[in-house]
$ cat my_file-v9.txt   # compact mmCIF, N, CA and C atoms
# COMPACT_ATOMS: atom_id res chain seq x y z
N MET Z 1480 -52.94 98.98 150.61
CA MET Z 1480 -51.68 99.41 151.14
C MET Z 1480 -51.44 98.68 152.46
N ASP Z 1481 -50.28 98.05 152.55
CA ASP Z 1481 -49.98 97.31 153.76
C ASP Z 1481 -48.81 97.96 154.51
N GLU Z 1482 -48.50 97.41 155.66
CA GLU Z 1482 -47.46 97.98 156.52
C GLU Z 1482 -46.09 97.94 155.87
N ALA Z 1483 -45.80 96.88 155.13
CA ALA Z 1483 -44.49 96.75 154.49
C ALA Z 1483 -44.26 97.86 153.48
N GLN Z 1484 -45.27 98.21 152.75
CA GLN Z 1484 -45.13 99.27 151.75
C GLN Z 1484 -44.94 100.64 152.42
N ILE Z 1485 -45.63 100.87 153.51
CA ILE Z 1485 -45.46 102.13 154.24
C ILE Z 1485 -44.05 102.22 154.82
N ILE Z 1486 -43.55 101.11 155.33
CA ILE Z 1486 -42.18 101.10 155.86
C ILE Z 1486 -41.17 101.34 154.74
N ASP Z 1487 -41.40 100.77 153.57
CA ASP Z 1487 -40.51 101.01 152.44
C ASP Z 1487 -40.51 102.47 152.03
N TRP Z 1488 -41.69 103.10 152.01
CA TRP Z 1488 -41.78 104.52 151.67
C TRP Z 1488 -41.05 105.37 152.71
N ALA Z 1489 -41.23 105.03 153.97
CA ALA Z 1489 -40.55 105.78 155.03
C ALA Z 1489 -39.04 105.62 154.93
N ARG Z 1490 -38.59 104.42 154.66
CA ARG Z 1490 -37.15 104.16 154.50
C ARG Z 1490 -36.60 104.95 153.32
N ALA Z 1491 -37.32 104.94 152.21
CA ALA Z 1491 -36.88 105.69 151.03
C ALA Z 1491 -36.86 107.20 151.31
N ALA Z 1492 -37.82 107.68 152.07
CA ALA Z 1492 -37.87 109.11 152.42
C ALA Z 1492 -36.69 109.49 153.31
N ILE Z 1493 -36.33 108.64 154.24
CA ILE Z 1493 -35.19 108.93 155.12
C ILE Z 1493 -33.90 108.92 154.32
N ILE Z 1494 -33.73 107.96 153.44
CA ILE Z 1494 -32.53 107.90 152.61
C ILE Z 1494 -32.44 109.13 151.70
N LEU Z 1495 -33.57 109.54 151.13
CA LEU Z 1495 -33.59 110.74 150.29
C LEU Z 1495 -33.22 111.98 151.10
N THR Z 1496 -33.71 112.07 152.31
CA THR Z 1496 -33.37 113.20 153.17
C THR Z 1496 -31.88 113.25 153.44
N ILE Z 1497 -31.28 112.11 153.67
CA ILE Z 1497 -29.83 112.05 153.91
C ILE Z 1497 -29.07 112.44 152.64
N LYS Z 1498 -29.52 111.94 151.49
CA LYS Z 1498 -28.84 112.28 150.23
C LYS Z 1498 -28.92 113.77 149.92
N ILE Z 1499 -30.05 114.38 150.25
CA ILE Z 1499 -30.21 115.80 149.96
C ILE Z 1499 -29.43 116.66 150.95
N SER Z 1500 -29.43 116.29 152.20
CA SER Z 1500 -28.81 117.14 153.22
C SER Z 1500 -27.31 116.91 153.39
N ALA Z 1501 -26.81 115.76 153.00
CA ALA Z 1501 -25.39 115.45 153.25
C ALA Z 1501 -24.42 116.42 152.57
N PRO Z 1502 -24.59 116.78 151.29
CA PRO Z 1502 -23.63 117.72 150.70
C PRO Z 1502 -23.59 119.08 151.40
N VAL Z 1503 -24.75 119.59 151.78
CA VAL Z 1503 -24.80 120.88 152.46
C VAL Z 1503 -24.16 120.78 153.84
N MET Z 1504 -24.41 119.69 154.54
CA MET Z 1504 -23.81 119.50 155.86
C MET Z 1504 -22.29 119.37 155.75
N MET Z 1505 -21.82 118.71 154.71
CA MET Z 1505 -20.37 118.56 154.53
C MET Z 1505 -19.72 119.91 154.25
N VAL Z 1506 -20.38 120.75 153.46
CA VAL Z 1506 -19.85 122.09 153.21
C VAL Z 1506 -19.74 122.86 154.53
N GLY Z 1507 -20.78 122.80 155.33
CA GLY Z 1507 -20.74 123.47 156.63
C GLY Z 1507 -19.63 122.93 157.52
N LEU Z 1508 -19.44 121.62 157.49
CA LEU Z 1508 -18.38 121.01 158.30
C LEU Z 1508 -17.00 121.47 157.85
N VAL Z 1509 -16.76 121.44 156.54
CA VAL Z 1509 -15.44 121.82 156.02
C VAL Z 1509 -15.15 123.30 156.31
N VAL Z 1510 -16.12 124.15 156.08
CA VAL Z 1510 -15.91 125.58 156.34
C VAL Z 1510 -15.72 125.82 157.83
N GLY Z 1511 -16.49 125.16 158.67
CA GLY Z 1511 -16.33 125.32 160.11
C GLY Z 1511 -14.96 124.88 160.60
N VAL Z 1512 -14.47 123.77 160.08
CA VAL Z 1512 -13.13 123.29 160.48
C VAL Z 1512 -12.06 124.24 159.97
N ALA Z 1513 -12.22 124.74 158.73
CA ALA Z 1513 -11.23 125.66 158.18
C ALA Z 1513 -11.17 126.95 158.99
N VAL Z 1514 -12.31 127.51 159.34
CA VAL Z 1514 -12.33 128.74 160.13
C VAL Z 1514 -11.78 128.48 161.52
N ALA Z 1515 -12.10 127.35 162.11
CA ALA Z 1515 -11.57 127.01 163.43
C ALA Z 1515 -10.05 126.87 163.38
N LEU Z 1516 -9.55 126.29 162.29
CA LEU Z 1516 -8.10 126.15 162.14
C LEU Z 1516 -7.44 127.52 162.02
N VAL Z 1517 -8.04 128.41 161.24
CA VAL Z 1517 -7.50 129.76 161.12
C VAL Z 1517 -7.55 130.47 162.46
N GLN Z 1518 -8.63 130.30 163.20
CA GLN Z 1518 -8.72 130.91 164.52
C GLN Z 1518 -7.64 130.36 165.47
N ALA Z 1519 -7.40 129.08 165.39
CA ALA Z 1519 -6.39 128.48 166.27
C ALA Z 1519 -4.98 128.95 165.89
N LEU Z 1520 -4.74 129.08 164.59
CA LEU Z 1520 -3.40 129.50 164.15
C LEU Z 1520 -3.14 130.97 164.45
N THR Z 1521 -4.16 131.80 164.34
CA THR Z 1521 -3.96 133.24 164.56
C THR Z 1521 -4.31 133.66 165.98
N GLN Z 1522 -4.82 132.77 166.78
CA GLN Z 1522 -5.23 133.01 168.15
C GLN Z 1522 -6.29 134.10 168.26
N ILE Z 1523 -7.13 134.18 167.25
CA ILE Z 1523 -8.29 135.07 167.29
C ILE Z 1523 -9.44 134.25 167.86
N GLN Z 1524 -9.92 134.64 169.00
CA GLN Z 1524 -10.97 133.86 169.67
C GLN Z 1524 -12.30 134.60 169.64
N GLU Z 1525 -12.70 135.03 168.48
CA GLU Z 1525 -13.99 135.70 168.31
C GLU Z 1525 -15.05 134.64 168.06
N MET Z 1526 -16.10 134.59 168.88
CA MET Z 1526 -17.12 133.55 168.79
C MET Z 1526 -17.96 133.68 167.52
N THR Z 1527 -18.20 134.89 167.08
CA THR Z 1527 -19.10 135.09 165.93
C THR Z 1527 -18.38 134.96 164.60
N LEU Z 1528 -17.09 134.81 164.60
CA LEU Z 1528 -16.32 134.74 163.35
C LEU Z 1528 -16.66 133.49 162.55
N VAL Z 1529 -17.06 132.43 163.19
CA VAL Z 1529 -17.36 131.17 162.51
C VAL Z 1529 -18.67 131.26 161.73
N PHE Z 1530 -19.63 132.00 162.23
CA PHE Z 1530 -20.99 131.95 161.70
C PHE Z 1530 -21.12 132.55 160.30
N VAL Z 1531 -20.52 133.69 160.05
CA VAL Z 1531 -20.71 134.37 158.76
C VAL Z 1531 -20.16 133.53 157.60
N PRO Z 1532 -18.92 133.05 157.64
CA PRO Z 1532 -18.44 132.23 156.51
C PRO Z 1532 -19.24 130.93 156.35
N LYS Z 1533 -19.63 130.35 157.47
CA LYS Z 1533 -20.37 129.09 157.40
C LYS Z 1533 -21.75 129.31 156.78
N ILE Z 1534 -22.43 130.36 157.18
CA ILE Z 1534 -23.75 130.65 156.62
C ILE Z 1534 -23.64 130.98 155.14
N MET Z 1535 -22.65 131.77 154.77
CA MET Z 1535 -22.46 132.11 153.36
C MET Z 1535 -22.18 130.86 152.53
N ALA Z 1536 -21.32 129.97 153.03
CA ALA Z 1536 -20.99 128.75 152.30
C ALA Z 1536 -22.20 127.83 152.18
N ILE Z 1537 -22.99 127.73 153.24
CA ILE Z 1537 -24.17 126.87 153.20
C ILE Z 1537 -25.20 127.42 152.23
N PHE Z 1538 -25.43 128.74 152.24
CA PHE Z 1538 -26.36 129.34 151.28
C PHE Z 1538 -25.88 129.13 149.85
N LEU Z 1539 -24.59 129.27 149.61
CA LEU Z 1539 -24.04 129.05 148.27
C LEU Z 1539 -24.21 127.59 147.85
N ALA Z 1540 -23.96 126.67 148.78
CA ALA Z 1540 -24.13 125.25 148.47
C ALA Z 1540 -25.59 124.92 148.16
N ILE Z 1541 -26.51 125.48 148.94
CA ILE Z 1541 -27.93 125.25 148.66
C ILE Z 1541 -28.30 125.82 147.31
N PHE Z 1542 -27.81 127.02 147.00
CA PHE Z 1542 -28.10 127.65 145.71
C PHE Z 1542 -27.58 126.81 144.55
N LEU Z 1543 -26.36 126.28 144.69
CA LEU Z 1543 -25.77 125.51 143.60
C LEU Z 1543 -26.35 124.10 143.49
N LEU Z 1544 -26.74 123.51 144.61
CA LEU Z 1544 -27.23 122.14 144.62
C LEU Z 1544 -28.75 122.04 144.53
N PHE Z 1545 -29.45 123.18 144.50
CA PHE Z 1545 -30.91 123.14 144.48
C PHE Z 1545 -31.49 122.37 143.29
N PRO Z 1546 -30.94 122.50 142.08
CA PRO Z 1546 -31.51 121.69 140.98
C PRO Z 1546 -31.42 120.19 141.23
N MET Z 1547 -30.33 119.72 141.80
CA MET Z 1547 -30.19 118.30 142.11
C MET Z 1547 -31.18 117.89 143.20
N MET Z 1548 -31.34 118.74 144.20
CA MET Z 1548 -32.27 118.44 145.28
C MET Z 1548 -33.71 118.40 144.76
N ALA Z 1549 -34.06 119.37 143.95
CA ALA Z 1549 -35.42 119.43 143.41
C ALA Z 1549 -35.69 118.23 142.52
N GLN Z 1550 -34.73 117.84 141.69
CA GLN Z 1550 -34.92 116.69 140.81
C GLN Z 1550 -35.11 115.41 141.62
N ALA Z 1551 -34.34 115.24 142.68
CA ALA Z 1551 -34.49 114.05 143.52
C ALA Z 1551 -35.86 114.01 144.18
N LEU Z 1552 -36.34 115.16 144.65
CA LEU Z 1552 -37.66 115.21 145.26
C LEU Z 1552 -38.77 114.96 144.24
N ILE Z 1553 -38.60 115.47 143.03
CA ILE Z 1553 -39.60 115.25 141.98
C ILE Z 1553 -39.68 113.78 141.62
N VAL Z 1554 -38.53 113.14 141.45
CA VAL Z 1554 -38.52 111.71 141.10
C VAL Z 1554 -39.16 110.89 142.22
N PHE Z 1555 -38.83 111.20 143.47
CA PHE Z 1555 -39.40 110.47 144.60
C PHE Z 1555 -40.92 110.64 144.66
N THR Z 1556 -41.38 111.87 144.47
CA THR Z 1556 -42.81 112.13 144.50
C THR Z 1556 -43.53 111.41 143.37
N GLN Z 1557 -42.93 111.40 142.19
CA GLN Z 1557 -43.53 110.69 141.06
C GLN Z 1557 -43.59 109.19 141.32
N GLN Z 1558 -42.56 108.64 141.94
CA GLN Z 1558 -42.58 107.21 142.25
C GLN Z 1558 -43.68 106.88 143.24
N ILE Z 1559 -43.84 107.70 144.25
CA ILE Z 1559 -44.90 107.46 145.23
C ILE Z 1559 -46.27 107.61 144.57
N ALA Z 1560 -46.43 108.63 143.74
CA ALA Z 1560 -47.71 108.84 143.06
C ALA Z 1560 -48.03 107.66 142.13
N ASP Z 1561 -47.03 107.16 141.43
CA ASP Z 1561 -47.24 106.00 140.56
C ASP Z 1561 -47.63 104.77 141.36
N GLN Z 1562 -47.03 104.59 142.53
CA GLN Z 1562 -47.38 103.45 143.36
C GLN Z 1562 -48.78 103.58 143.94
N ILE Z 1563 -49.18 104.81 144.29
CA ILE Z 1563 -50.53 105.01 144.81
C ILE Z 1563 -51.56 104.75 143.74
N ILE Z 1564 -51.30 105.23 142.54
CA ILE Z 1564 -52.21 105.01 141.44
C ILE Z 1564 -52.30 103.51 141.09
N GLY Z 1565 -51.17 102.83 141.17
CA GLY Z 1565 -51.15 101.39 140.87
C GLY Z 1565 -51.89 100.57 141.91
N ILE Z 1566 -52.01 101.08 143.13
CA ILE Z 1566 -52.66 100.34 144.20
C ILE Z 1566 -54.16 100.27 143.97
N LYS Z 1567 -54.73 101.35 143.51
CA LYS Z 1567 -56.20 101.44 143.38
C LYS Z 1567 -56.73 100.52 142.34
$ encode --input "my_file-v9.txt" --output "structure tokens"
Amino acid sequence: MDEAQIIDWARAAIILTIKISAPVMMVGLVVGVAVALVQALTQIQEMTLVFVPKIMAIFLAIFLLFPMMAQALIVFTQQIADQIIGIK
């Protein structure tokens, strides 16, 4: 195992992390902006009003996207395991 291969694995891991987290982060962003817009339009300035809808939406997104996330992690782990076995 050389440095180039370790860097490739690290790069692939970072890209996988972005692919897995981006949909959930986008859901949080959209819900946060929507609630902020409603707060601005109705002039309700409650600080905790943003958190409950955002947390609910993020949990729902994680629940719905978990099979895709798990499959991506399984494929990545299998690729790394295959490369480790091939090295020996």
$ residues_around --input "my_file-v9.txt" --residues "Thr1527 in chain Z" --least-positions-apart "6" --cutoff "12 Å" --atoms "only C-alpha atoms" --output "ChimeraX atom specification"
/Z:1511,1514-1515,1518,1533-1534
$ closest_residue --input "my_file-v9.txt" --among "Z:Gln1484, Z:Val1503, Z:Val1510, Z:Phe1530" --to "Leu1544 in chain Z" --atoms "all atoms listed in the file"
Z:Val1503
$ atom_distance --input "my_file-v9.txt" --atom1 "atom C of Ile1494 in chain Z" --atom2 "CA of Val1512 in chain Z"
25.5 Å
$ atom_distance --input "my_file-v9.txt" --atom1 "CA of Ala1540 in chain Z" --atom2 "CA of Ala1501 in chain Z"
11.0 Å
$ closest_residue --input "my_file-v9.txt" --among "Z:Val1506, Z:Ile1523, Z:Ala1492, Z:Val1554" --to "Ala1536 in chain Z" --atoms "all atoms listed in the file"
Z:Val1506
$ atom_distance --input "my_file-v9.txt" --atom1 "atom N of Phe1542 in chain Z" --atom2 "atom N of Lys1498 in chain Z"
15.8 Å
$ closest_residue --input "my_file-v9.txt" --among "Z:Ser1500, Z:Ile1486, Z:Asp1481, Z:Val1529" --to "Met1548 in chain Z" --atoms "all atoms listed in the file"
Z:Ser1500
$ axis_aligned_box --input "my_file-v9.txt" --around "range 1541-1554 of chain Z" --padding-each-side "8 Å" --output "AutoDock Vina command-line options"
--center_x -32.7 --center_y 119.3 --center_z 144.9 --size_x 29.9 --size_y 32.8 --size_z 24.1
$ closest_residue --input "my_file-v9.txt" --among "Z:Ala1483, Z:Trp1488, Z:Ile1497, Z:Ile1537" --to "Ile1559 in chain Z" --atoms "all atoms listed in the file"
Z:Trp1488
